[in-house]
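To keep things clear, I will list the structure first and then write my remarks on it.
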Protein chains: 2
Amino acid sequence: MKDLLSKTILKWSETLHKECLPHISIDCVVFGFHNNSLKILLLELIRENTWSLPGGYIKKVENMDDAAHRILQERTGVRDIFLNQFKTFGKFHRSEGFFKEFDDSFWLKQRFISVGYYALIDYTSVTVRNDEFSHSSKWIDVSKTPTLMMDHNQIFQEALAQLRRDLNYKPIGLNLLPEKFTMPELQKLYEAILGKKLNRGNFFRKMKRYGILTKLEETRKGGAHKAPDLYCFNLEVYNKALENGLQENW
Amino acid sequence: MKDLLSKTILKWSETLHKECLPHISIDCVVFGFHNNSLKILLLELIRENTWSLPGGYIKKVENMDDAAHRILQERTGVRDIFLNQFKTFGKFHRSEGFFKEFDDSFWLKQRFISVGYYALIDYTSVTVRNDEFSHSSKWIDVSKTPTLMMDHNQIFQEALAQLRRDLNYKPIGLNLLPEKFTMPELQKLYEAILGKKLNRGNFFRKMKRYGILTKLEETRKGGAHKAPDLYCFNLEVYNKALENGLQENW
DNA sequence: CCAAAAGTGTTGAACTTACACCCATGA
DNA sequence: TCATGGGTGTAAGTTCAACACTTTTGG
């Protein structure tokens, strides 16, 4: 076991042991929206063909939610990320296999219970940074995710399911889109999350009825066709509406 | 610090240290339904006026979900409890205060991140057992909960909120009611969870439309008035219906 | 001019809410 | 007989799905 990943983990073991709580980790499913499709941020580890969700550990004197924010800020450069804790994964064997051939003294080989968060990020505001464990970070379409390490595929699937359930209860559009967006973009986002086509006219009317959008004076110039109107969210109405949830049936 | 609670904790410290994962605990909000009102199971600790949610720790070689089941089985005697993990609580200061005056060597004084589960139990099938830390266990109406230790009031509130959201997605009636029940009982359960009155005729029609109930030949004799019909759930239809959720609007 | 975007109209079905009314029946 | 439970009727209002039609406008 002398590959680069092993060496890197060994190097970090002592620091992690000193600073972080043992047995508890955080895994993040970071959603972004680009080119009309929903994507998640995946890391390719410095060991070949090993994909992982971004994650990290909780410092001994740090709130758990703060740890999740810190982990993602280090990774994406974005402050004030919208984060939602959705489930904690605690199977005894969940990381078995992955660290099999590592030395038992490796801090990362201990049993971990992992708290899952999903994050919503405006794709355009992210500059991904790699760390010592990962040589590349990529946005991957949710329908084309590769096999991930440990139980990360399951964690991702549960995050996506929760995202769907949360669509009418959390400011999902607000956090996945840039400040200004067009109606077709918003519709495509909803379609991507729900995994089905929606009727344009009805979608328009429904959004209008909610009253959560403010139509701006500007339009988006430069496209090949008619310039679509730009909208932004009316934060006051949006947040108030979410208290009781929007409509259920799509 | 020589009161009974301190002594008991000290006595258990070594065993817990050997057998359980540090820094991780489980707290359970156990819901039951009795006398037309929704109740939760609370423990009165052997220190006076200290109320707590039932909880415990995860063994080093045990799945987290199994730990939750074990903890509740020891407490209630019920196997196969319906359990739903709803949120994990990880504030750094969440247990601060409570163990302030305890010796630092106490295993329970370390920082804990607590995984919250809510449980649904048929009230009639429970025989509560106390343990060395609690001298009594009581079912308390959700609207009359006392002040609980640490952040347990918050944990309870979040469990109740999640229970409401889950009403159309989880077999909540099935797990809170005895096998056979009457339509007024089912309606009272829904009213208790949602915290509002529902129209009887419409409730009846809605349940009928779902097709999740099977009307039995028997009636419940012995009441002061007309004997109400007994129903049970049609498990096949019920489970299938829950896959996509029932209706939203109550 | 064309294709995309914006906006409106319509229709039937389904569902909700809020009543009211009738019948059955156990003690 | 009377309070409770069971069951149905109805009317108004809302929402949704599906479809079609018109208008606008950038390049």
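Identifiers in the structure tokens: chain A, B, ... in order shown; residue index from 1 per chain; ligand index from 1 in order shown.
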(message) With only C-alpha atoms considered, list every residue of chain B at most 9 Å from chain A, as a ChimeraX atom specification.
(response) /B:21-24,60-66,85-93,111,113,115,247-249
Give me the chain A side of the contact with chain C, cut-off 10 Å, one line per residue showing its nearest atom pair and distance in Å at one decimal, counting only C-alpha atoms (C1' of nucleotides), sorted by chain and residue number, as a Markdown table.
| residue | atom | partner | partner_atom | distance |
| --- | --- | --- | --- | --- |
| A:Thr182 | CA | C:DA5 | C1' | 9.8 |
| A:Met183 | CA | C:DA5 | C1' | 9.1 |
| A:Pro184 | CA | C:DA5 | C1' | 8.4 |
| A:Gly201 | CA | C:DG7 | C1' | 8.2 |
| A:Phe204 | CA | C:DG7 | C1' | 8.9 |
| A:Arg205 | CA | C:DG7 | C1' | 9.3 |
| A:Gly223 | CA | C:DA4 | C1' | 9.4 |
| A:Ala224 | CA | C:DA4 | C1' | 8.2 |
| A:His225 | CA | C:DA4 | C1' | 5.4 |
| A:Lys226 | CA | C:DA4 | C1' | 5.9 |
| A:Ala227 | CA | C:DA5 | C1' | 7.2 |
| A:Pro228 | CA | C:DA5 | C1' | 5.7 |
| A:Asp229 | CA | C:DA5 | C1' | 8.3 |
(message) For Ile193 in chain B, find every residue with an atom within 8 Å (counting only C-alpha atoms (C1' of nucleotides)), except residues of its own chain fewer than 6 positions away, and show them as a VMD selection string.
(response) chain B and resid 38 163 to 164
Which residues of chain D are close to chain B, meaning at most 8 Å apart when you count only C-alpha atoms (C1' of nucleotides), and how do they look as a short mmCIF file (atom, residue, chain, number, x, y, z; two decimals) with N, CA and C atoms (P, O5', C5', C4', C3', O3' and C1' of nucleotides), in the first residue's frame?
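Below is the file iface.cif, written as the result:
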data_model
loop_
_atom_site.label_atom_id
_atom_site.label_comp_id
_atom_site.auth_asym_id
_atom_site.auth_seq_id
_atom_site.Cartn_x
_atom_site.Cartn_y
_atom_site.Cartn_z
P DA D 3 -79.31 14.14 23.27
"O5'" DA D 3 -77.76 13.81 23.32
"C5'" DA D 3 -77.31 12.80 24.20
"C4'" DA D 3 -76.41 11.81 23.47
"C3'" DA D 3 -75.40 12.44 22.52
"O3'" DA D 3 -74.16 11.81 22.71
"C1'" DA D 3 -76.62 10.77 21.38
P DT D 4 -72.82 12.51 22.20
"O5'" DT D 4 -72.30 11.47 21.11
"C5'" DT D 4 -72.02 10.15 21.51
"C4'" DT D 4 -72.17 9.24 20.33
"C3'" DT D 4 -71.26 9.56 19.14
"O3'" DT D 4 -70.21 8.59 19.13
"C1'" DT D 4 -73.45 8.86 18.49
P DG D 5 -69.09 8.69 18.01
"O5'" DG D 5 -69.71 7.80 16.83
"C5'" DG D 5 -70.01 6.44 17.08
"C4'" DG D 5 -70.60 5.84 15.85
"C3'" DG D 5 -69.81 6.11 14.56
"O3'" DG D 5 -69.62 4.89 13.89
"C1'" DG D 5 -72.08 6.68 14.26
#
(request) Would you mind listing what lies within 12 Å of range 74-84 of chain A as an NGL selection string, with only C-alpha atoms (C1' of nucleotides) counted and same-chain residues fewer than 6 positions away left out? (result) (:A and (27-32 or 41-43 or 53-56 or 64-68 or 115-134 or 136-139 or 159-160 or 162-163 or 166 or 169-176)) or (:B and (87-88))
(message) If you run DSSP on the backbone here, which positions in range 156-223 of chain A get helix (DSSP H, G or I)? Please write them as an MDAnalysis selection string.
(response) chainID A and resid 156:166 172:176 183:194 200:210
